[in-house]
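Below: the structure, in structure tokens.
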Amino acid sequence: MSQHLAKPVRRALFAASMPVYLLLYAPLALIAVFSFAPAPGGVAASGFWYAELLHSPGVLAAFRRSLTLALGSSILGTVLGTLMGFGLSRFRTGAKGGFAAALPSLIIYTPIIMPSLVFGISELIFFNLVHRATGFLAAGLLTMGIAHVTFQAPYVALVVFARMAGLDPNLFEASHDLYADARQSFLHLTIPVIRPAIIGGFLLAFTLSIDDFTISYFTAGPGSTTLPIYIYSAVARKGIAPDINALATLMIATVIGIGLLQYVFTRHRERRPMPRVGD
Amino acid sequence: MKSLCSGLTRIALTAAFLGGFLGLPPPAQAAGKTLYLFNWQDYIGKGLLKKYEAHCGCKVVQTYYDSNAALAAKLKAGGDSQFDVVVPSSYYVPQLVHEGLIRKLDKKEIPNFRNLIARFKDPTYDPHDAHSMPYQWGTTGIGYLKTKVSNLPESWAVLFNPKLNPSYPFVLMAGSGRDTIGAACAYLGYGFTCNKKSQWIKAAKLVEKTEKRKNFTGFVDGDPVTGEIKKGTIAIGMTFNGQVAECYDDKSCLNTGYLLPKQGTEIWVDTMAVPTHAPDPKLAYDFINFILSAKAGAELSNFNLYGSPNAASEPMLVAAMKTPLVTPTSAQMKYLYFLPPLAGKKLQEFNAIWTAVRQH
Amino acid sequence: MSTLTEVPILRGTAERAERMARAFRLWITAGPGLGWIVVFLILPSAILLAIGFFSIGNYGNPRLPLTLEPFREVAGYSILGWSPANITTILRSLVQAVSAAGLTILLAYPVVFFITAQPIALRPLLLLFVVLPSWTNQVVRTYAWMELLGPGSGLSHLAQTIGFIPHHLGLLPGIFAMQVGLTYNYLPYMVVPLYAAAEKLDWTLVEAGRDLYASGTKLFWSAVFPQTIPGLLSGIILVAIPAFGDYVVPMLLGGGKSMMIGSLIAAQFLNTPNWPYGAALTIFMLIFTCGGLIVFRVMTKRLGGSEGTMM
């Protein structure tokens with residue numbers, strides 16, 4: 001498409017875009033720079049705050065919890081989301097444009113559209129009621145996980161649905177002849193074919209979990225302080241602080257690492273030819 | 001519809017199965033007991049926690065909140081059966097009692113109760129010490145940056161009279177609003193513990209007028225204020241004495257001053273209480289009793305540099321504890337007041353007024 | 001799909017069996033996920049909305065009897081009489097959300113066309129670099145600006161010198177900082193849908209237009225811009241809706257001054273408890289959100305845009 005734009009226009013676009021990229025990364029970079037601020041007294045070498053973090057049991061526990069939460073919820077969210085995306089693209093019934101056909105979409109879009117504050121407060125009150133009535137679902141990592149799955153599954157479903165839409169429907173017809181039942185067909189044909197979407201969906205779910213603060217904040221319970229909540233409480237209490245800069249830098253580095261990894265991984269996948277019936 | 005119902009049962013089963021897998025809760029049920037402590041951040045030293053863990057042979061899991069209302073919300077959201085000890089402020093204790101969120105204490109389990117200074121026994125906010133034990137106490141006052149503003153009068157005028165600070169950034173206290181409205185009341189001559197709607201409204205008007213000043217930069221909680229002053233990002237704000245004492249101690253804020261307005265200000269007690277359905281009340285009592293012991297009480301206050309309600313701890317307190325900053329003089333004590341608890345219509349009135357103030 | 005009455009009875013039963021089988025498979029696959037969302041989000045939010053019709057208890061909890069009092073409060077009536085504060089807060093949130101959308105549009109257009117002008121192999125990477133910051137936590141992203149905008153920062157000094165803010169003060173906290181935070185947080189949500197539209201751009205239209213119009217700007221407005229409208233509309237929804245109800249940005253960058261609707265609602269649950277009032281405000285916020293969505297959906301359809309990723 002590059003040939004469509006005249007050279008001066010392309011130069012202008014470049015000149016206008018670079019400041020935006022700078023804007024995106026400057027605040028993050030600045031945190032990283034400040035995380036190497038000298039220790040109080042200025043005796044210790046730079047990197048002091050990182051060493052400090054490694055010796056802080058609260059930070060390490062919060063880190064562990066964040067990972068547990070993101071991993072656990074992503075797995076379940078991916079399972080539910082994949083099934084939803086697959087089922088809706090293959091078996092949706094009802095008249096096109098009718099309510100029965102639109103209802104699942106409406107349900108799936110609710111968590112995506114719902115402002116996270118409303119999401120969080122609703123869950124807080126709901127878990128409160130359930131806990132009072134039954135004794136189950138006390139606030140904690142479990143309730144946070146349930147809430148995370150609720151917003152992860154729809155996104156995974158969308159990713160899988162998009163992949164399914166790009167597939168040749170004949171593929172599934174043919175699989176009917178190959179495999180006796182639908183379950184086998186799903187396991188041996190569908191899953192391998194949509195694997196990139198599942199993996200992409202899983203990574204998306206993982207980053208969504210890491211990104212979330214508001215919903216986690218309202219559904220958290222005893223001993224379920226995750227990294228974002230830890231950082232928020234510390235900022236609310238102390239404002240800007242070098243140890244929080246170090247912690248934030250670690251988080252930024254991890255997320256950017258995962259993002260680049262996902263990029264490399266999905267690119268590698270895409271180079272494989274897509275299986276097509278009749279090739 | 002039928003398929004919907006069967007769908008729901010399936011979900012319930014899946015949820016139950018996968019929930020078990022996801023769960024891992026309640027955390028750390030492994031070997032030994034665990035004390036779940038719900039506290040303000042940085043309100044107990046690591047060393048003291050380790051000593052307690054050694055003493056009880058248990059693990060302490062700490063979770064934090066940043067306002068009394070957040071504490072109440074979490075207790076209602078199931079926290080009353082998840083935490084063993086919580087640390088509400090004095091004026092919030094009656095509400096937690098009334099809502100059935102904290103239990104009546106069995107004082108036989110807390111023999112160190114006798115260590116308390118008489119002044120902290122049988123307080124107005126909790127008659128007969130039925131539901132709470134004092135943890136730390138302190139004052140709310142005005143913190144300021146000496147290098148920018150000096151020769152300040154001991155008065156709320158520092159905040160509310162524009163002439164005293166025409167240009168340097170200053171803040172008022174956020175949170176429940178009781179301190180800020182109380183301060184405005186005191187400045188207007190109604191006293192810090194003003195209780196009438198008409199007085200609150202006048203105080204609110206003053207706060208709203210103050211908000212319009214160019215150098216007013218916001219409502220900030222007491223804890224961060226000291227840090228902001230230390231860094232020089234604000235010059236004046238409402239904060240707590242212990243915050244200032246702490247950074248005097250590590251000499252990181254010798255540029256900061258702290259004053260108690262003579263029109264009256266707050267003395268508060270943070271207390272230890274046990275939620276109604278605490279998982280391990282015995283352990284909770286053991287922890288409270290431990291904190292009320294002479295040695296632990298001294299270590300707690302020496303770490304926080306907040307007042308100790310513990311008479312037995314007194315000989316072990318560090319010198320910084322004995323300054324008028326941490327322990328106000330008896331002259332100052334005369335104009336320090338406990339915030340009266342509010343409920344029902346009065347609380348609604350107050351909240352409506354405070355919300356209106358914050359929206360301006 | 002034909003209706004049952006039109007087909008012979010035998011074909012009808014076969015078709016019905018087939019349809020039942022499909023429905024069964026649909027429920028087995030999509031059922032758990034949909035049910036999960038219904039149980040763990042739609043039901044809870046219905047409960048929250050219901051609380052908006054309760055009276056306020058002693059400590060701000062909901063209690064019977066049912067009442068419309070909370071909605072009177074939303075309209076501005078309180079113990080103090082009527083005040084325009086709520087309207088101001090809602091308007092302020094709207095203005096901030098719309099400005100955030102506007103600012104992200106201004107920032108996104110050059111980036112999007114810069115990316116589409118690059119070789120195909122490079123584009124995903126350039127897009128990824130726009131999206132990556134949004135994968136770190138929102139608290140971290142917002143916190144990052146506290147350092148940059150705080151009093152004493154270089155930017156604040158600059159703003160003081162040009163007279164944008166008085167001396168001794170900083171760009172933080174306040175409306176300006178919130179606007180920066182919202183724009184920064186939601187920029188990728190504008191870039192991604194715009195990019196999707198720009199990548200599908202029909203350049204033959206542009207080529208044709210090149211002969212007709214003299215200036216580049218005219219060419220842009222008549223041949224390029226209309227084609228990006230569907231992406232633009234999705235982008236506006238993706239930015240304005242979450243920005244309208246944002247919680248973290250007003251908490252960290254607003255300094256408790258000039259509340260937004262998100263912080264006002266949160267305060268009803270965390271600071272000055274009044275659950276029914278908070279729930280009534282939530283209903284109001286959702287009405288705004290849904291209203292905005294419907295308007296934009298209708299606009300998208302009118303303008304003939306595809307529904308993008310809509311399922």
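Starting from 1 in every chain, residues are counted up; chains themselves are A, B, ... following the order of the structure tokens, and ligands are numbered from 1 as listed.
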At most 7 Å is the cut-off: for each residue in chain B with any atom that close to an atom of chain C, write down the nearest atom pair and the distance in Å rounded to one decimal, counting only C-alpha atoms, chain first then increasing number, as a Markdown table.
```
| residue | atom | partner | partner_atom | distance |
| --- | --- | --- | --- | --- |
| B:Gly7 | CA | C:Gly31 | CA | 5.5 |
| B:Leu8 | CA | C:Gly35 | CA | 5.9 |
| B:Arg10 | CA | C:Pro32 | CA | 6.8 |
| B:Ile11 | CA | C:Pro32 | CA | 4.8 |
| B:Ala69 | CA | C:Leu270 | CA | 5.2 |
| B:Ala70 | CA | C:Leu270 | CA | 4.9 |
| B:Ala73 | CA | C:Leu270 | CA | 6.8 |
| B:Tyr168 | CA | C:His168 | CA | 6.0 |
| B:Pro169 | CA | C:Leu169 | CA | 6.1 |
| B:Gly175 | CA | C:Asn271 | CA | 5.9 |
| B:Ser176 | CA | C:Asn271 | CA | 5.4 |
| B:Asn215 | CA | C:Leu169 | CA | 6.9 |
| B:Thr217 | CA | C:Pro173 | CA | 6.5 |
| B:Gly218 | CA | C:Gly255 | CA | 4.9 |
| B:Phe219 | CA | C:Gly256 | CA | 4.9 |
| B:Val220 | CA | C:Gly255 | CA | 6.7 |
| B:Thr233 | CA | C:Pro151 | CA | 5.4 |
| B:Ala343 | CA | C:Asn58 | CA | 5.8 |
| B:Gly344 | CA | C:Asn58 | CA | 3.9 |
| B:Glu349 | CA | C:Ile79 | CA | 6.3 |
| B:Asn351 | CA | C:Thr272 | CA | 5.4 |
| B:Ala352 | CA | C:Ser78 | CA | 6.7 |
| B:Ala356 | CA | C:Ala85 | CA | 6.7 |
| B:Arg358 | CA | C:Lys257 | CA | 6.7 |
| B:Gln359 | CA | C:Met259 | CA | 5.6 |
| B:His360 | CA | C:Ser258 | CA | 6.1 |
```
Open item on the list: I'd like the neighbourhood of region 216-228 of chain C as number ranges by chain, where a residue qualifies if any of its atoms comes within 10 Å (using only C-alpha atoms), though same-chain residues fewer than 3 positions away should be ignored.
Closed with: A: 6, 9; C: 109, 193-213, 231-233, 303-305
| message | Using only C-alpha atoms, can you tell me which of B:Tyr306, B:Trp200, B:Phe192, B:Phe287 comes closest to Gly264 (chain B)? | response |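 Smallest separation from Gly264 (chain B) among the options: B:Phe192.
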Could you pull out the alpha helix (DSSP H) residues of region 6-203 of chain B, going by DSSP on the backbone, and write them as a PyMOL selection string? chain B and resi 6-23+46-56+68-76+93-98+157-160+178-188+197-203
File dump, residues just selected, C-alpha atoms, as a PDB file, in the first residue's frame:
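As a result, result_36.pdb now contains:
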```
ATOM      1  CA  SER B   6     -29.946 -28.098  31.873  1.00  0.00           C
ATOM      2  CA  GLY B   7     -27.354 -25.686  30.602  1.00  0.00           C
ATOM      3  CA  LEU B   8     -27.347 -23.954  33.948  1.00  0.00           C
ATOM      4  CA  THR B   9     -26.920 -27.161  35.927  1.00  0.00           C
ATOM      5  CA  ARG B  10     -24.049 -28.094  33.715  1.00  0.00           C
ATOM      6  CA  ILE B  11     -22.491 -24.732  34.328  1.00  0.00           C
ATOM      7  CA  ALA B  12     -22.976 -25.124  38.028  1.00  0.00           C
ATOM      8  CA  LEU B  13     -21.202 -28.473  37.909  1.00  0.00           C
ATOM      9  CA  THR B  14     -18.435 -27.159  35.698  1.00  0.00           C
ATOM     10  CA  ALA B  15     -18.076 -24.168  37.918  1.00  0.00           C
ATOM     11  CA  ALA B  16     -17.883 -26.326  41.011  1.00  0.00           C
ATOM     12  CA  PHE B  17     -15.302 -28.611  39.426  1.00  0.00           C
ATOM     13  CA  LEU B  18     -13.156 -25.955  37.868  1.00  0.00           C
ATOM     14  CA  GLY B  19     -13.605 -23.658  40.818  1.00  0.00           C
ATOM     15  CA  GLY B  20     -11.990 -26.304  42.974  1.00  0.00           C
ATOM     16  CA  PHE B  21      -9.124 -26.426  40.543  1.00  0.00           C
ATOM     17  CA  LEU B  22      -8.805 -22.680  40.251  1.00  0.00           C
ATOM     18  CA  GLY B  23      -9.354 -21.996  43.865  1.00  0.00           C
ATOM     19  CA  LYS B  46       8.162  -7.106  60.068  1.00  0.00           C
ATOM     20  CA  GLY B  47      10.253  -7.909  63.136  1.00  0.00           C
ATOM     21  CA  LEU B  48       7.262  -7.865  65.454  1.00  0.00           C
ATOM     22  CA  LEU B  49       5.263 -10.057  63.077  1.00  0.00           C
ATOM     23  CA  LYS B  50       8.118 -12.578  63.007  1.00  0.00           C
ATOM     24  CA  LYS B  51       8.229 -12.566  66.804  1.00  0.00           C
ATOM     25  CA  TYR B  52       4.511 -13.215  66.960  1.00  0.00           C
ATOM     26  CA  GLU B  53       4.768 -16.028  64.430  1.00  0.00           C
ATOM     27  CA  ALA B  54       7.450 -17.614  66.591  1.00  0.00           C
ATOM     28  CA  HIS B  55       5.350 -17.086  69.713  1.00  0.00           C
ATOM     29  CA  CYS B  56       2.181 -18.687  68.344  1.00  0.00           C
ATOM     30  CA  ASN B  68     -12.667   2.602  57.461  1.00  0.00           C
ATOM     31  CA  ALA B  69     -15.537   2.473  54.966  1.00  0.00           C
ATOM     32  CA  ALA B  70     -13.543   0.105  52.762  1.00  0.00           C
ATOM     33  CA  LEU B  71     -12.937  -2.056  55.838  1.00  0.00           C
ATOM     34  CA  ALA B  72     -16.679  -2.144  56.550  1.00  0.00           C
ATOM     35  CA  ALA B  73     -17.490  -2.933  52.912  1.00  0.00           C
ATOM     36  CA  LYS B  74     -15.049  -5.844  52.880  1.00  0.00           C
ATOM     37  CA  LEU B  75     -16.346  -7.170  56.203  1.00  0.00           C
ATOM     38  CA  LYS B  76     -19.860  -7.142  54.772  1.00  0.00           C
ATOM     39  CA  VAL B  93     -16.251   0.995  66.167  1.00  0.00           C
ATOM     40  CA  PRO B  94     -19.911   1.706  67.128  1.00  0.00           C
ATOM     41  CA  GLN B  95     -21.007   1.247  63.530  1.00  0.00           C
ATOM     42  CA  LEU B  96     -19.231  -2.087  63.171  1.00  0.00           C
ATOM     43  CA  VAL B  97     -20.783  -3.219  66.473  1.00  0.00           C
ATOM     44  CA  HIS B  98     -24.215  -2.059  65.429  1.00  0.00           C
ATOM     45  CA  ALA B 157      -6.469  29.579  59.646  1.00  0.00           C
ATOM     46  CA  VAL B 158      -3.320  28.127  58.107  1.00  0.00           C
ATOM     47  CA  LEU B 159      -5.636  26.191  55.810  1.00  0.00           C
ATOM     48  CA  PHE B 160      -8.712  28.382  55.604  1.00  0.00           C
ATOM     49  CA  ARG B 178     -15.066  14.066  59.206  1.00  0.00           C
ATOM     50  CA  ASP B 179     -11.665  15.663  59.772  1.00  0.00           C
ATOM     51  CA  THR B 180     -11.953  18.302  57.076  1.00  0.00           C
ATOM     52  CA  ILE B 181     -15.481  19.355  58.062  1.00  0.00           C
ATOM     53  CA  GLY B 182     -14.453  19.233  61.728  1.00  0.00           C
ATOM     54  CA  ALA B 183     -11.484  21.489  60.993  1.00  0.00           C
ATOM     55  CA  ALA B 184     -13.679  23.980  59.137  1.00  0.00           C
ATOM     56  CA  CYS B 185     -16.161  23.890  62.034  1.00  0.00           C
ATOM     57  CA  ALA B 186     -13.383  24.558  64.533  1.00  0.00           C
ATOM     58  CA  TYR B 187     -12.108  27.465  62.447  1.00  0.00           C
ATOM     59  CA  LEU B 188     -15.624  28.936  62.343  1.00  0.00           C
ATOM     60  CA  LYS B 197     -26.581  20.274  60.279  1.00  0.00           C
ATOM     61  CA  SER B 198     -26.507  24.064  60.071  1.00  0.00           C
ATOM     62  CA  GLN B 199     -22.907  24.094  61.320  1.00  0.00           C
ATOM     63  CA  TRP B 200     -21.872  21.408  58.857  1.00  0.00           C
ATOM     64  CA  ILE B 201     -23.412  23.361  56.012  1.00  0.00           C
ATOM     65  CA  LYS B 202     -21.530  26.520  56.992  1.00  0.00           C
ATOM     66  CA  ALA B 203     -18.342  24.494  57.284  1.00  0.00           C
TER      67      ALA B 203
END
```
Report the closest atom pair, with its distance in Å rounded to one decimal, for each residue of region 81-130 of chain A that has an atom no farther than 12 Å from region 150-156 of chain A; count only C-alpha atoms, sort by chain and then rising residue number, and write it as a Markdown table.
```
| residue | atom | partner | partner_atom | distance |
| --- | --- | --- | --- | --- |
| A:Gly81 | CA | A:Ala153 | CA | 4.1 |
| A:Thr82 | CA | A:Val156 | CA | 6.2 |
| A:Leu83 | CA | A:Ala153 | CA | 9.4 |
| A:Met84 | CA | A:Pro154 | CA | 8.1 |
| A:Gly85 | CA | A:Val156 | CA | 7.5 |
| A:Phe86 | CA | A:Val156 | CA | 10.4 |
| A:Leu88 | CA | A:Pro154 | CA | 11.7 |
| A:Pro104 | CA | A:Pro154 | CA | 10.5 |
| A:Ser105 | CA | A:Pro154 | CA | 9.4 |
| A:Leu106 | CA | A:Pro154 | CA | 10.7 |
| A:Ile107 | CA | A:Pro154 | CA | 8.9 |
| A:Ile108 | CA | A:Pro154 | CA | 5.3 |
| A:Tyr109 | CA | A:Pro154 | CA | 7.0 |
| A:Thr110 | CA | A:Pro154 | CA | 8.8 |
| A:Pro111 | CA | A:Phe151 | CA | 5.4 |
| A:Ile112 | CA | A:Phe151 | CA | 6.6 |
| A:Ile113 | CA | A:Phe151 | CA | 9.9 |
| A:Met114 | CA | A:Phe151 | CA | 9.6 |
| A:Pro115 | CA | A:Phe151 | CA | 11.2 |
| A:Ser116 | CA | A:Phe151 | CA | 9.6 |
| A:Phe119 | CA | A:Phe151 | CA | 9.4 |
| A:Gly120 | CA | A:Phe151 | CA | 11.1 |
| A:Glu123 | CA | A:Thr150 | CA | 10.5 |
```
- Kindly provide, as an MDAnalysis selection string, the residues of chain A having any atom no farther than 9 Å from an atom of chain B, counting only C-alpha atoms. chainID A and resid 40 58 68:69 72:73 76 124:129 131:132 135 137:143 145:146 218:225 230 233:240
- Task: May I ask which of the residues A:Ile258, A:Ala32, A:Val130, A:Leu227 is the closest one to Ala61 (chain A), counting only C-alpha atoms?
- Result: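 Smallest distance to Ala61 (chain A) is found for A:Leu227.
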Counting only C-alpha atoms, closest pick from A:Leu80, A:Ala197, A:Leu189, A:Met18 relative to chain C is A:Leu80
Residue neighbourhood Ser132 (chain B), 9 Å, only C-alpha atoms, exclusion window fewer than 2 positions, as a PDB file with C-alpha atoms, in the first residue's frame:
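Written output follows (out39.pdb):
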```pdb
ATOM      1  CA  PRO B  88     -10.817   0.067  62.798  1.00  0.00           C
ATOM      2  CA  SER B  90     -12.342   4.593  67.196  1.00  0.00           C
ATOM      3  CA  VAL B  93     -16.251   0.995  66.167  1.00  0.00           C
ATOM      4  CA  ILE B 102     -17.407  -7.468  65.089  1.00  0.00           C
ATOM      5  CA  ARG B 103     -17.924  -9.669  68.111  1.00  0.00           C
ATOM      6  CA  LYS B 104     -18.048  -9.082  71.842  1.00  0.00           C
ATOM      7  CA  LEU B 105     -14.598  -9.697  73.285  1.00  0.00           C
ATOM      8  CA  ASP B 126     -16.878   1.467  73.106  1.00  0.00           C
ATOM      9  CA  ASP B 129     -14.216  -2.145  76.188  1.00  0.00           C
ATOM     10  CA  ALA B 130     -16.807  -4.629  75.034  1.00  0.00           C
ATOM     11  CA  PRO B 134      -6.693   0.043  71.668  1.00  0.00           C
ATOM     12  CA  THR B 271      -8.398  -0.405  67.836  1.00  0.00           C
ATOM     13  CA  MET B 272      -8.142  -4.149  67.464  1.00  0.00           C
ATOM     14  CA  ALA B 273     -11.420  -5.991  66.985  1.00  0.00           C
ATOM     15  CA  VAL B 274     -12.457  -9.525  66.084  1.00  0.00           C
TER      16      VAL B 274
END
```
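In this comparison, which uses only C-alpha atoms, the residue of C:Pro250, C:Gly154, C:Gly102, C:Gly262 approaching chain A most closely is C:Gly262.
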| From the list C:Thr289, C:Ser99, C:Thr13, C:Ser215, which residue is nearest chain A when using only C-alpha atoms? |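 Result for the nearest residue to chain A: C:Thr289.
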Among the residues of region 54-164 of chain C, find those DSSP assigns to strand (DSSP E or B) from the backbone and print them as a list of chain:residue names.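 Answer for region 54-164 of chain C, restricted to strand (DSSP E or B): C:Phe54, C:Ser55, C:Ile56, C:Pro62, C:Arg63, C:Leu64, C:Pro65, C:Leu66, C:Tyr77, C:Ser78, C:Gly81, C:Trp82.
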Those selected residues, please, written with C-alpha atoms and delivered as a short mmCIF file (atom, residue, chain, number, x, y, z; two decimals), in the first residue's frame.
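In the end it all went to again25.cif:
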```cif
data_model
loop_
_atom_site.label_atom_id
_atom_site.label_comp_id
_atom_site.auth_asym_id
_atom_site.auth_seq_id
_atom_site.Cartn_x
_atom_site.Cartn_y
_atom_site.Cartn_z
CA PHE C 54 -34.25 0.52 48.06
CA SER C 55 -34.28 2.93 50.97
CA ILE C 56 -31.08 3.80 52.76
CA PRO C 62 -30.09 -0.85 51.38
CA ARG C 63 -33.25 -1.65 53.31
CA LEU C 64 -36.97 -1.92 52.63
CA PRO C 65 -39.32 -0.29 51.70
CA LEU C 66 -38.78 0.25 48.00
CA TYR C 77 -32.15 16.63 45.41
CA SER C 78 -30.66 15.86 48.79
CA GLY C 81 -32.05 20.88 48.72
CA TRP C 82 -31.37 20.86 45.00
#
```
Next item on the list: Name all residues at most 8 Å from Phe206 (chain A) (count only C-alpha atoms; drop same-chain ones fewer than 6 positions away) and give them as a VMD selection string.
Entry: chain A and resid 70 to 71 73 to 74
